[in-house]
Amino acid sequence: MGQPLRRRIHSRLPGRLKRIASQLWRNWQGLVLYLATLVGWLPSHGVRLWLYRHVFGVHIGHGSTIHWQCRFFDPARVTIGNHTLIGNNAFLDGRAGLYIGNNVVTASEVAIYTAQHDIDDPEFGIVYEPVVVEDYVYIGPRAIILPGVRIGRGSAVGAGSVVTKDVAPHVLVGGVPARYLRDRSCELGYEPHLRTPFQ
């Protein structure tokens, strides 16, 4: 059930029932996240992909791989294109919708967020904004992508960077916050492949 529809239903419930429904929803979400995290420990990418697709609803294209120990928020709202490699220990947040294109490569421990708290809100509310990673993007180890960001086709994000705003196509960005470093080739045509079955 999408976030806006769930909120509409929730807003029509009486007080006590609303609290019970909220607690049940949080418990259900916690169980799904826990089980999806356990799948990340399985030593076969083929088995992991099957479970992510058919049990947790992750949309994963042909020839793509999610390496071990990936963690999710709202996995059914994560879409991964064809021939894309997600590095080990990644964190993929689908709460507001996460789209990762074709021929994308992320290194280890990349975190992509689609929701965050508004630190200036007196209620400390959550702001939801989708993230789009276009085709042929490379994201270096331990990079963090924040909500609402679009990373343009063929761009690269340096290791340890924090991306807080959109990245133009075919550029390399890096730093905290990430900024333009140089252009990247526009002649990209590679198709990443997984080489071993146990990753």
# chains A, B, ... in the order shown; residues from 1 in each chain; ligands from 1
>>> select_by_dssp(residues="chain A", states="strand (DSSP E or B)", output="MDAnalysis selection string")
chainID A and resid 59:60 65:66 71:73 78:80 85:86 91:93 98:100 105:106 111:112 115:117 126:128 131:133 138:139 144:145 150:151 156:157 162:163 167 171:174 179:183
>>> residues_around(residues="stretch 186-189 of chain A", least_positions_apart="4", cutoff="10 Å", atoms="only C-alpha atoms", output="list of chain:residue names")
A:Asn103, A:Asp135, A:Tyr136, A:Val137, A:Arg153, A:Gly154, A:Ser155, A:Pro169, A:His170, A:Val171
>>> write_last_selection(atoms="C-alpha atoms", output="PDB file, in the first residue's frame")
ATOM      1  CA  ASN A 103      24.392  -0.378 -16.435  1.00  0.00           C
ATOM      2  CA  ASP A 135      21.994   4.905 -16.786  1.00  0.00           C
ATOM      3  CA  TYR A 136      25.793   4.340 -16.680  1.00  0.00           C
ATOM      4  CA  VAL A 137      26.265   6.029 -13.321  1.00  0.00           C
ATOM      5  CA  ARG A 153      23.341   9.715 -17.148  1.00  0.00           C
ATOM      6  CA  GLY A 154      27.006   8.705 -17.216  1.00  0.00           C
ATOM      7  CA  SER A 155      27.998  10.594 -14.073  1.00  0.00           C
ATOM      8  CA  PRO A 169      25.098  14.146 -16.902  1.00  0.00           C
ATOM      9  CA  HIS A 170      28.661  12.974 -17.641  1.00  0.00           C
ATOM     10  CA  VAL A 171      30.466  14.634 -14.760  1.00  0.00           C
TER      11      VAL A 171
END
>>> residues_around(residues="A:Val163", least_positions_apart="3", cutoff="12 Å", atoms="only C-alpha atoms", output="PDB file with N, CA and C atoms, in the first residue's frame")
ATOM      1  N   VAL A 110      27.343   1.864  -0.188  1.00  0.00           N
ATOM      2  CA  VAL A 110      26.636   3.040  -0.693  1.00  0.00           C
ATOM      3  C   VAL A 110      25.273   3.115  -0.006  1.00  0.00           C
ATOM      4  N   ALA A 111      24.845   4.317   0.372  1.00  0.00           N
ATOM      5  CA  ALA A 111      23.543   4.512   1.004  1.00  0.00           C
ATOM      6  C   ALA A 111      22.748   5.536   0.203  1.00  0.00           C
ATOM      7  N   ILE A 112      21.529   5.147  -0.181  1.00  0.00           N
ATOM      8  CA  ILE A 112      20.652   6.042  -0.938  1.00  0.00           C
ATOM      9  C   ILE A 112      19.364   6.219  -0.144  1.00  0.00           C
ATOM     10  N   TYR A 113      19.075   7.455   0.247  1.00  0.00           N
ATOM     11  CA  TYR A 113      17.918   7.772   1.083  1.00  0.00           C
ATOM     12  C   TYR A 113      16.866   8.527   0.281  1.00  0.00           C
ATOM     13  N   VAL A 131      14.385   9.424  -5.466  1.00  0.00           N
ATOM     14  CA  VAL A 131      15.741   9.540  -5.999  1.00  0.00           C
ATOM     15  C   VAL A 131      15.799   8.794  -7.331  1.00  0.00           C
ATOM     16  N   VAL A 133      18.614   7.535 -10.250  1.00  0.00           N
ATOM     17  CA  VAL A 133      20.000   7.337 -10.689  1.00  0.00           C
ATOM     18  C   VAL A 133      19.908   6.864 -12.136  1.00  0.00           C
ATOM     19  N   ILE A 139      28.804   4.949  -8.613  1.00  0.00           N
ATOM     20  CA  ILE A 139      28.791   5.555  -7.281  1.00  0.00           C
ATOM     21  C   ILE A 139      29.862   4.863  -6.448  1.00  0.00           C
ATOM     22  N   GLY A 140      30.837   5.636  -5.989  1.00  0.00           N
ATOM     23  CA  GLY A 140      31.981   5.103  -5.266  1.00  0.00           C
ATOM     24  C   GLY A 140      31.649   4.641  -3.856  1.00  0.00           C
ATOM     25  N   ARG A 142      31.031   4.026  -0.003  1.00  0.00           N
ATOM     26  CA  ARG A 142      30.570   4.828   1.134  1.00  0.00           C
ATOM     27  C   ARG A 142      29.995   6.184   0.746  1.00  0.00           C
ATOM     28  N   ALA A 143      29.598   6.328  -0.504  1.00  0.00           N
ATOM     29  CA  ALA A 143      28.909   7.561  -0.899  1.00  0.00           C
ATOM     30  C   ALA A 143      27.486   7.538  -0.350  1.00  0.00           C
ATOM     31  N   ILE A 144      26.946   8.720  -0.075  1.00  0.00           N
ATOM     32  CA  ILE A 144      25.590   8.869   0.434  1.00  0.00           C
ATOM     33  C   ILE A 144      24.825   9.779  -0.523  1.00  0.00           C
ATOM     34  N   ILE A 145      23.644   9.304  -0.950  1.00  0.00           N
ATOM     35  CA  ILE A 145      22.781  10.078  -1.824  1.00  0.00           C
ATOM     36  C   ILE A 145      21.548  10.456  -0.996  1.00  0.00           C
ATOM     37  N   LEU A 146      21.250  11.752  -0.906  1.00  0.00           N
ATOM     38  CA  LEU A 146      20.151  12.224  -0.073  1.00  0.00           C
ATOM     39  C   LEU A 146      18.856  12.374  -0.871  1.00  0.00           C
ATOM     40  N   PRO A 147      17.708  12.492  -0.188  1.00  0.00           N
ATOM     41  CA  PRO A 147      16.410  12.532  -0.868  1.00  0.00           C
ATOM     42  C   PRO A 147      16.298  13.648  -1.902  1.00  0.00           C
ATOM     43  N   GLY A 148      15.550  13.332  -2.974  1.00  0.00           N
ATOM     44  CA  GLY A 148      15.242  14.320  -3.997  1.00  0.00           C
ATOM     45  C   GLY A 148      16.295  14.500  -5.056  1.00  0.00           C
ATOM     46  N   VAL A 149      17.361  13.706  -5.014  1.00  0.00           N
ATOM     47  CA  VAL A 149      18.484  13.886  -5.948  1.00  0.00           C
ATOM     48  C   VAL A 149      18.249  13.096  -7.229  1.00  0.00           C
ATOM     49  N   ARG A 150      18.639  13.674  -8.349  1.00  0.00           N
ATOM     50  CA  ARG A 150      18.714  12.979  -9.644  1.00  0.00           C
ATOM     51  C   ARG A 150      20.166  13.006 -10.079  1.00  0.00           C
ATOM     52  N   ILE A 151      20.719  11.831 -10.348  1.00  0.00           N
ATOM     53  CA  ILE A 151      22.103  11.728 -10.823  1.00  0.00           C
ATOM     54  C   ILE A 151      22.044  11.444 -12.313  1.00  0.00           C
ATOM     55  N   ALA A 156      29.600  10.149 -12.323  1.00  0.00           N
ATOM     56  CA  ALA A 156      30.290   9.345 -11.310  1.00  0.00           C
ATOM     57  C   ALA A 156      30.338  10.148 -10.012  1.00  0.00           C
ATOM     58  N   VAL A 157      30.181   9.421  -8.911  1.00  0.00           N
ATOM     59  CA  VAL A 157      30.220  10.018  -7.580  1.00  0.00           C
ATOM     60  C   VAL A 157      31.426   9.445  -6.857  1.00  0.00           C
ATOM     61  N   GLY A 158      32.321  10.297  -6.386  1.00  0.00           N
ATOM     62  CA  GLY A 158      33.546   9.855  -5.732  1.00  0.00           C
ATOM     63  C   GLY A 158      33.296   9.188  -4.389  1.00  0.00           C
ATOM     64  N   ALA A 159      34.257   8.402  -3.944  1.00  0.00           N
ATOM     65  CA  ALA A 159      34.171   7.677  -2.676  1.00  0.00           C
ATOM     66  C   ALA A 159      33.943   8.642  -1.518  1.00  0.00           C
ATOM     67  N   GLY A 160      33.044   8.261  -0.613  1.00  0.00           N
ATOM     68  CA  GLY A 160      32.802   9.035   0.590  1.00  0.00           C
ATOM     69  C   GLY A 160      32.055  10.343   0.388  1.00  0.00           C
ATOM     70  N   ASP A 166      21.066  17.706  -7.369  1.00  0.00           N
ATOM     71  CA  ASP A 166      21.164  17.011  -8.647  1.00  0.00           C
ATOM     72  C   ASP A 166      22.573  17.069  -9.225  1.00  0.00           C
ATOM     73  N   VAL A 167      22.918  16.004  -9.942  1.00  0.00           N
ATOM     74  CA  VAL A 167      24.221  15.907 -10.614  1.00  0.00           C
ATOM     75  C   VAL A 167      23.968  15.905 -12.117  1.00  0.00           C
ATOM     76  N   ALA A 168      24.654  16.772 -12.835  1.00  0.00           N
ATOM     77  CA  ALA A 168      24.495  16.860 -14.292  1.00  0.00           C
ATOM     78  C   ALA A 168      25.022  15.597 -14.961  1.00  0.00           C
ATOM     79  N   LEU A 172      32.026  14.069 -13.011  1.00  0.00           N
ATOM     80  CA  LEU A 172      32.472  13.445 -11.764  1.00  0.00           C
ATOM     81  C   LEU A 172      32.271  14.465 -10.658  1.00  0.00           C
ATOM     82  N   VAL A 173      31.607  14.036  -9.586  1.00  0.00           N
ATOM     83  CA  VAL A 173      31.441  14.895  -8.416  1.00  0.00           C
ATOM     84  C   VAL A 173      32.067  14.195  -7.217  1.00  0.00           C
ATOM     85  N   GLY A 174      32.465  14.997  -6.221  1.00  0.00           N
ATOM     86  CA  GLY A 174      33.036  14.414  -5.016  1.00  0.00           C
ATOM     87  C   GLY A 174      33.079  15.426  -3.897  1.00  0.00           C
ATOM     88  N   GLY A 175      33.225  14.916  -2.681  1.00  0.00           N
ATOM     89  CA  GLY A 175      33.352  15.774  -1.516  1.00  0.00           C
ATOM     90  C   GLY A 175      32.096  15.798  -0.669  1.00  0.00           C
ATOM     91  N   VAL A 176      32.159  16.603   0.397  1.00  0.00           N
ATOM     92  CA  VAL A 176      31.043  16.758   1.334  1.00  0.00           C
ATOM     93  C   VAL A 176      30.781  18.244   1.520  1.00  0.00           C
ATOM     94  N   PRO A 177      29.712  18.784   0.955  1.00  0.00           N
ATOM     95  CA  PRO A 177      28.815  18.125   0.009  1.00  0.00           C
ATOM     96  C   PRO A 177      29.488  17.963  -1.351  1.00  0.00           C
ATOM     97  N   ALA A 178      28.975  17.044  -2.150  1.00  0.00           N
ATOM     98  CA  ALA A 178      29.585  16.756  -3.447  1.00  0.00           C
ATOM     99  C   ALA A 178      29.508  17.967  -4.366  1.00  0.00           C
ATOM    100  N   ARG A 179      30.597  18.193  -5.103  1.00  0.00           N
ATOM    101  CA  ARG A 179      30.641  19.295  -6.063  1.00  0.00           C
ATOM    102  C   ARG A 179      31.336  18.812  -7.333  1.00  0.00           C
ATOM    103  N   TYR A 180      31.193  19.566  -8.396  1.00  0.00           N
ATOM    104  CA  TYR A 180      31.789  19.211  -9.686  1.00  0.00           C
ATOM    105  C   TYR A 180      33.307  19.141  -9.573  1.00  0.00           C
TER     106      TYR A 180
END
>>> closest_residue(among="A:Asn27, A:Gln116, A:Asn82, A:Thr37", to="A:His59", atoms="only C-alpha atoms")
A:Asn82
>>> select_by_dssp(residues="stretch 26-142 of chain A", states="helix (DSSP H, G or I)", output="compact mmCIF listing (two decimals) with C-alpha atoms, in the first residue's frame")
# COMPACT_ATOMS: atom_id res chain seq x y z
CA ARG A 26 5.36 -0.37 12.23
CA ASN A 27 5.62 -3.98 13.41
CA TRP A 28 4.83 -5.28 9.92
CA GLN A 29 7.38 -2.95 8.33
CA GLY A 30 9.99 -4.00 10.87
CA LEU A 31 9.40 -7.68 10.12
CA VAL A 32 9.69 -7.13 6.35
CA LEU A 33 12.92 -5.17 6.77
CA TYR A 34 14.36 -7.80 9.09
CA LEU A 35 13.55 -10.64 6.68
CA ALA A 36 14.93 -8.71 3.68
CA THR A 37 18.13 -8.09 5.66
CA LEU A 38 18.45 -11.81 6.38
CA VAL A 39 18.21 -12.54 2.64
CA HIS A 45 23.20 -13.93 -5.72
CA GLY A 46 20.70 -16.00 -7.76
CA VAL A 47 18.76 -17.02 -4.66
CA ARG A 48 18.90 -13.48 -3.28
CA LEU A 49 17.56 -12.03 -6.54
CA TRP A 50 14.71 -14.54 -6.64
CA LEU A 51 13.67 -13.69 -3.07
CA TYR A 52 14.04 -9.93 -3.57
CA ARG A 53 11.89 -10.10 -6.72
CA HIS A 54 9.21 -12.61 -5.74
CA PRO A 75 11.82 -2.75 -0.96
CA ALA A 76 8.71 -2.91 -3.18
CA ARG A 77 9.30 0.72 -4.17
>>> atom_distance(atom1="atom CA of A:Ser185", atom2="atom CA of A:Thr84")
18.8 Å
>>> residues_around(residues="A:His83", least_positions_apart="4", cutoff="12 Å", atoms="only C-alpha atoms", output="MDAnalysis selection string")
chainID A and resid 60:66 100:106 135:137 189:194
>>> write_last_selection(atoms="C-alpha atoms", output="compact mmCIF listing (two decimals), in the first residue's frame")
# COMPACT_ATOMS: atom_id res chain seq x y z
CA ILE A 60 15.17 -5.93 -10.75
CA GLY A 61 16.08 -5.96 -14.43
CA HIS A 62 17.81 -8.63 -16.50
CA GLY A 63 21.46 -9.30 -15.73
CA SER A 64 21.51 -7.23 -12.53
CA THR A 65 23.03 -8.30 -9.23
CA ILE A 66 22.66 -7.20 -5.64
CA ILE A 100 18.27 3.00 -10.47
CA GLY A 101 18.81 2.75 -14.22
CA ASN A 102 20.65 0.38 -16.57
CA ASN A 103 24.39 -0.38 -16.43
CA VAL A 104 24.81 1.35 -13.07
CA VAL A 105 27.58 0.23 -10.73
CA THR A 106 27.67 1.06 -7.05
CA ASP A 135 21.99 4.91 -16.79
CA TYR A 136 25.79 4.34 -16.68
CA VAL A 137 26.27 6.03 -13.32
CA GLY A 189 28.71 1.58 -23.68
CA TYR A 190 29.83 -1.03 -21.15
CA GLU A 191 27.59 -3.73 -19.72
CA PRO A 192 28.70 -4.79 -16.22
CA HIS A 193 28.65 -8.53 -15.49
CA LEU A 194 28.93 -10.57 -12.32
>>> atom_distance(atom1="atom CA of A:Tyr138", atom2="atom CA of A:Trp68")
18.5 Å
